[in-house]
Amino acid sequence: MGLRDRIAEELKATVHGGELKLERYAGPPGDPGLLGIAPDSPVWRVHGHPTGMLTGGFAALMLQSLHPLAMAGVDQHSDFRTDPAGRLIRTARFITTTTFGSQQAAREVIDLVRRIHTHVHGTAPDGRPYRADDPELLTWVHTAEVYSFLTGYQVYAQRRLRLTPDECDTYYAQVAPVAEALGAVRVPRGTREVTRYLARMRPELHVTPAALEALRFLRGFGRTGRERLVARLLMNAAVGLLPDWARAELGIHRPALVRSGWDRPAATVVGRGLEWARGPSEIHAAARARLAAATPGVHDASPMPGRPPSG
């Protein structure tokens, strides 16, 4: 097995558990998917960009950790310490299935997450009770995540492919139904709404010992030396995606010149290397083929109510 194949297999094992489960994306023919999006839609472009999603994913974890109740749930219930790859795989599978999968496959993973959330509850170190199915907490987790994904895409996509301001608004509108299906409320659906939401949340956000432990854990993520090196480079790049106030709250003091002159170029090289090793995405190909099989003007099922136009 050559280098390219070895990297591709390692990537598939780390992100997808070694099994892509292409049946989630390949059928039924013509199924529009949960969001009714097309390959040129903003959400498809953002969620289909490896470097933006990897760096954005790390940034999302850091940003989400600043909510004491969200972090308490992760700290007390997640198996990220004993099975970090497993948590990554489950998260990646949820995002790819809800974005590129069939309606049935997407609803199945949403229902699974909702069932899991009913068992995640407790008391944070500050004495406040929390529940993973708290609608407001779900809105925070979702908004921090998609903000980070979009920021990662806008930094690492080729300049000519980056989203316009209107397309950024469309992206937020297109992903909102997934959060709402999980139980989130008052989900921001545009850039201005996201900006106002983050500003409104800031008084509730602060670093906790659990958040600092998670940050240290993320910096050492990886089962092999090569995985740890790649994760460290992507993690450093993810720091550059965070708002200034979030970096300060986490106690991260990484000079702007280092972030722009070293972290960003290094992540770009890593991302291109991973894309080269992976080759054309089998998941995207399966989803494209499913959509292409649609009969013009005929839909066997409707995508999630309230979805925006695919753009």
# chains A, B, ... in the order shown; residues from 1 in each chain; ligands from 1

$ residues_around --residues "Asp166 (chain A)" --least-positions-apart "3" --cutoff "12 Å" --atoms "only C-alpha atoms" --output "PyMOL selection string"
chain A and resi 41-42+162-163+169-173+189-192+311

$ write_last_selection --atoms "all heavy atoms" --output "tab-separated table (two decimals), in the first residue's frame"
chain	number	residue	atom	x	y	z
A	41	SER	N	-25.24	24.74	-3.52
A	41	SER	CA	-25.80	25.47	-2.39
A	41	SER	C	-24.70	25.83	-1.38
A	41	SER	O	-23.74	25.07	-1.21
A	41	SER	CB	-26.87	24.62	-1.69
A	41	SER	OG	-27.94	24.35	-2.56
A	42	PRO	N	-24.86	26.94	-0.69
A	42	PRO	CA	-23.84	27.32	0.30
A	42	PRO	C	-23.54	26.24	1.33
A	42	PRO	O	-22.37	26.00	1.64
A	42	PRO	CB	-24.45	28.57	0.94
A	42	PRO	CG	-25.23	29.20	-0.17
A	42	PRO	CD	-25.84	28.03	-0.90
A	162	ARG	N	-15.29	31.61	-2.28
A	162	ARG	CA	-15.86	32.00	-1.00
A	162	ARG	C	-17.26	32.57	-1.16
A	162	ARG	O	-17.63	33.07	-2.23
A	162	ARG	CB	-14.94	33.01	-0.30
A	162	ARG	CG	-13.60	32.40	0.09
A	162	ARG	CD	-12.63	33.42	0.64
A	162	ARG	NE	-11.30	32.81	0.81
A	162	ARG	CZ	-10.20	33.47	1.14
A	162	ARG	NH1	-10.28	34.79	1.35
A	162	ARG	NH2	-9.05	32.84	1.27
A	163	LEU	N	-18.05	32.50	-0.11
A	163	LEU	CA	-19.43	32.93	-0.18
A	163	LEU	C	-19.54	34.45	-0.15
A	163	LEU	O	-18.78	35.13	0.54
A	163	LEU	CB	-20.22	32.35	1.00
A	163	LEU	CG	-20.23	30.83	1.18
A	163	LEU	CD1	-21.24	30.45	2.26
A	163	LEU	CD2	-20.54	30.10	-0.12
A	169	ASP	N	-25.71	34.50	4.44
A	169	ASP	CA	-27.05	34.50	5.06
A	169	ASP	C	-27.80	33.23	4.68
A	169	ASP	O	-28.48	32.61	5.52
A	169	ASP	CB	-27.84	35.72	4.59
A	169	ASP	CG	-27.36	37.01	5.22
A	169	ASP	OD1	-26.70	36.96	6.28
A	169	ASP	OD2	-27.64	38.09	4.65
A	170	THR	N	-27.69	32.84	3.41
A	170	THR	CA	-28.37	31.62	2.96
A	170	THR	C	-27.83	30.40	3.70
A	170	THR	O	-28.60	29.50	4.07
A	170	THR	CB	-28.19	31.45	1.45
A	170	THR	OG1	-28.77	32.56	0.77
A	170	THR	CG2	-28.87	30.16	0.95
A	171	TYR	N	-26.53	30.35	3.91
A	171	TYR	CA	-25.94	29.22	4.65
A	171	TYR	C	-26.58	29.08	6.02
A	171	TYR	O	-27.03	27.98	6.40
A	171	TYR	CB	-24.44	29.40	4.79
A	171	TYR	CG	-23.82	28.41	5.76
A	171	TYR	CD1	-23.64	27.08	5.40
A	171	TYR	CD2	-23.44	28.81	7.05
A	171	TYR	CE1	-23.10	26.15	6.29
A	171	TYR	CE2	-22.91	27.89	7.94
A	171	TYR	CZ	-22.73	26.58	7.56
A	171	TYR	OH	-22.22	25.66	8.45
A	172	TYR	N	-26.64	30.17	6.77
A	172	TYR	CA	-27.22	30.09	8.11
A	172	TYR	C	-28.69	29.68	8.06
A	172	TYR	O	-29.17	28.93	8.92
A	172	TYR	CB	-27.08	31.44	8.83
A	172	TYR	CG	-25.70	31.72	9.32
A	172	TYR	CD1	-25.01	32.88	8.95
A	172	TYR	CD2	-25.04	30.84	10.19
A	172	TYR	CE1	-23.73	33.15	9.41
A	172	TYR	CE2	-23.76	31.10	10.65
A	172	TYR	CZ	-23.11	32.25	10.26
A	172	TYR	OH	-21.83	32.51	10.73
A	173	ALA	N	-29.42	30.17	7.05
A	173	ALA	CA	-30.82	29.79	6.92
A	173	ALA	C	-30.98	28.32	6.56
A	173	ALA	O	-31.90	27.65	7.04
A	173	ALA	CB	-31.49	30.67	5.86
A	189	ARG	N	-30.66	33.03	11.69
A	189	ARG	CA	-30.76	32.61	10.29
A	189	ARG	C	-30.04	33.55	9.34
A	189	ARG	O	-30.31	33.53	8.13
A	189	ARG	CB	-32.23	32.49	9.88
A	189	ARG	CG	-32.93	31.29	10.49
A	189	ARG	CD	-34.40	31.27	10.14
A	189	ARG	NE	-35.02	30.01	10.56
A	189	ARG	CZ	-35.18	28.95	9.78
A	189	ARG	NH1	-34.75	29.00	8.52
A	189	ARG	NH2	-35.74	27.85	10.23
A	190	GLY	N	-29.12	34.34	9.83
A	190	GLY	CA	-28.36	35.24	8.97
A	190	GLY	C	-27.15	35.76	9.73
A	190	GLY	O	-27.06	35.62	10.95
A	191	THR	N	-26.24	36.38	9.01
A	191	THR	CA	-24.99	36.84	9.61
A	191	THR	C	-25.24	37.86	10.71
A	191	THR	O	-24.63	37.79	11.79
A	191	THR	CB	-24.09	37.45	8.53
A	191	THR	OG1	-23.83	36.46	7.52
A	191	THR	CG2	-22.76	37.89	9.12
A	192	ARG	N	-26.11	38.82	10.47
A	192	ARG	CA	-26.40	39.83	11.49
A	192	ARG	C	-27.01	39.19	12.72
A	192	ARG	O	-26.69	39.57	13.87
A	192	ARG	CB	-27.32	40.91	10.93
A	192	ARG	CG	-26.66	41.82	9.91
A	192	ARG	CD	-27.59	42.93	9.47
A	192	ARG	NE	-26.96	43.82	8.50
A	192	ARG	CZ	-27.55	44.85	7.93
A	192	ARG	NH1	-28.83	45.13	8.23
A	192	ARG	NH2	-26.90	45.61	7.07
A	311	GLY	N	-30.94	28.14	-3.47
A	311	GLY	CA	-30.03	29.21	-3.90
A	311	GLY	C	-29.35	28.92	-5.19
A	311	GLY	O	-29.00	27.85	-5.54

$ residues_around --residues "Gly183 (chain A)" --least-positions-apart "3" --cutoff "7 Å" --atoms "only C-alpha atoms" --output "MDAnalysis selection string"
chainID A and resid 133 135 138 179:180

$ residues_around --residues "Gly30 (chain A)" --least-positions-apart "6" --cutoff "6 Å" --atoms "only C-alpha atoms" --output "ChimeraX atom specification"
/A:290-291,293-294

$ closest_residue --among "A:His119, A:His16, A:Arg128, A:Lys21" --to "Thr91 (chain A)" --atoms "only C-alpha atoms"
A:His16

$ select_by_dssp --residues "region 19-250 of chain A" --states "helix (DSSP H, G or I)" --output "ChimeraX atom specification"
/A:23-26,42-47,50-64,68-77,84-100,103-117,135-156,159-161,165-182,191-204,209-219,225-239,244-250

$ closest_atom_pairs --of "region 21-118 of chain A" --to "region 139-158 of chain A" --cutoff "7 Å" --atoms "only C-alpha atoms" --output "Markdown table"
| residue | atom | partner | partner_atom | distance |
| --- | --- | --- | --- | --- |
| A:Val46 | CA | A:Tyr153 | CA | 5.8 |
| A:His49 | CA | A:Tyr153 | CA | 6.8 |
| A:Thr51 | CA | A:Tyr156 | CA | 6.5 |
| A:Gly52 | CA | A:Gly152 | CA | 4.1 |
| A:Met53 | CA | A:Phe149 | CA | 5.5 |
| A:Thr55 | CA | A:Gly152 | CA | 6.1 |
| A:Gly56 | CA | A:Phe149 | CA | 4.4 |
| A:Gly57 | CA | A:Phe149 | CA | 6.5 |
| A:Ala59 | CA | A:Ser148 | CA | 6.0 |
| A:Ala60 | CA | A:Glu145 | CA | 4.8 |
| A:Leu63 | CA | A:Ala144 | CA | 6.3 |
| A:Gln64 | CA | A:Val141 | CA | 6.0 |

$ closest_residue --among "A:Glu108, A:Val113, A:Phe58, A:Glu9" --to "Phe217 (chain A)" --atoms "only C-alpha atoms"
A:Phe58
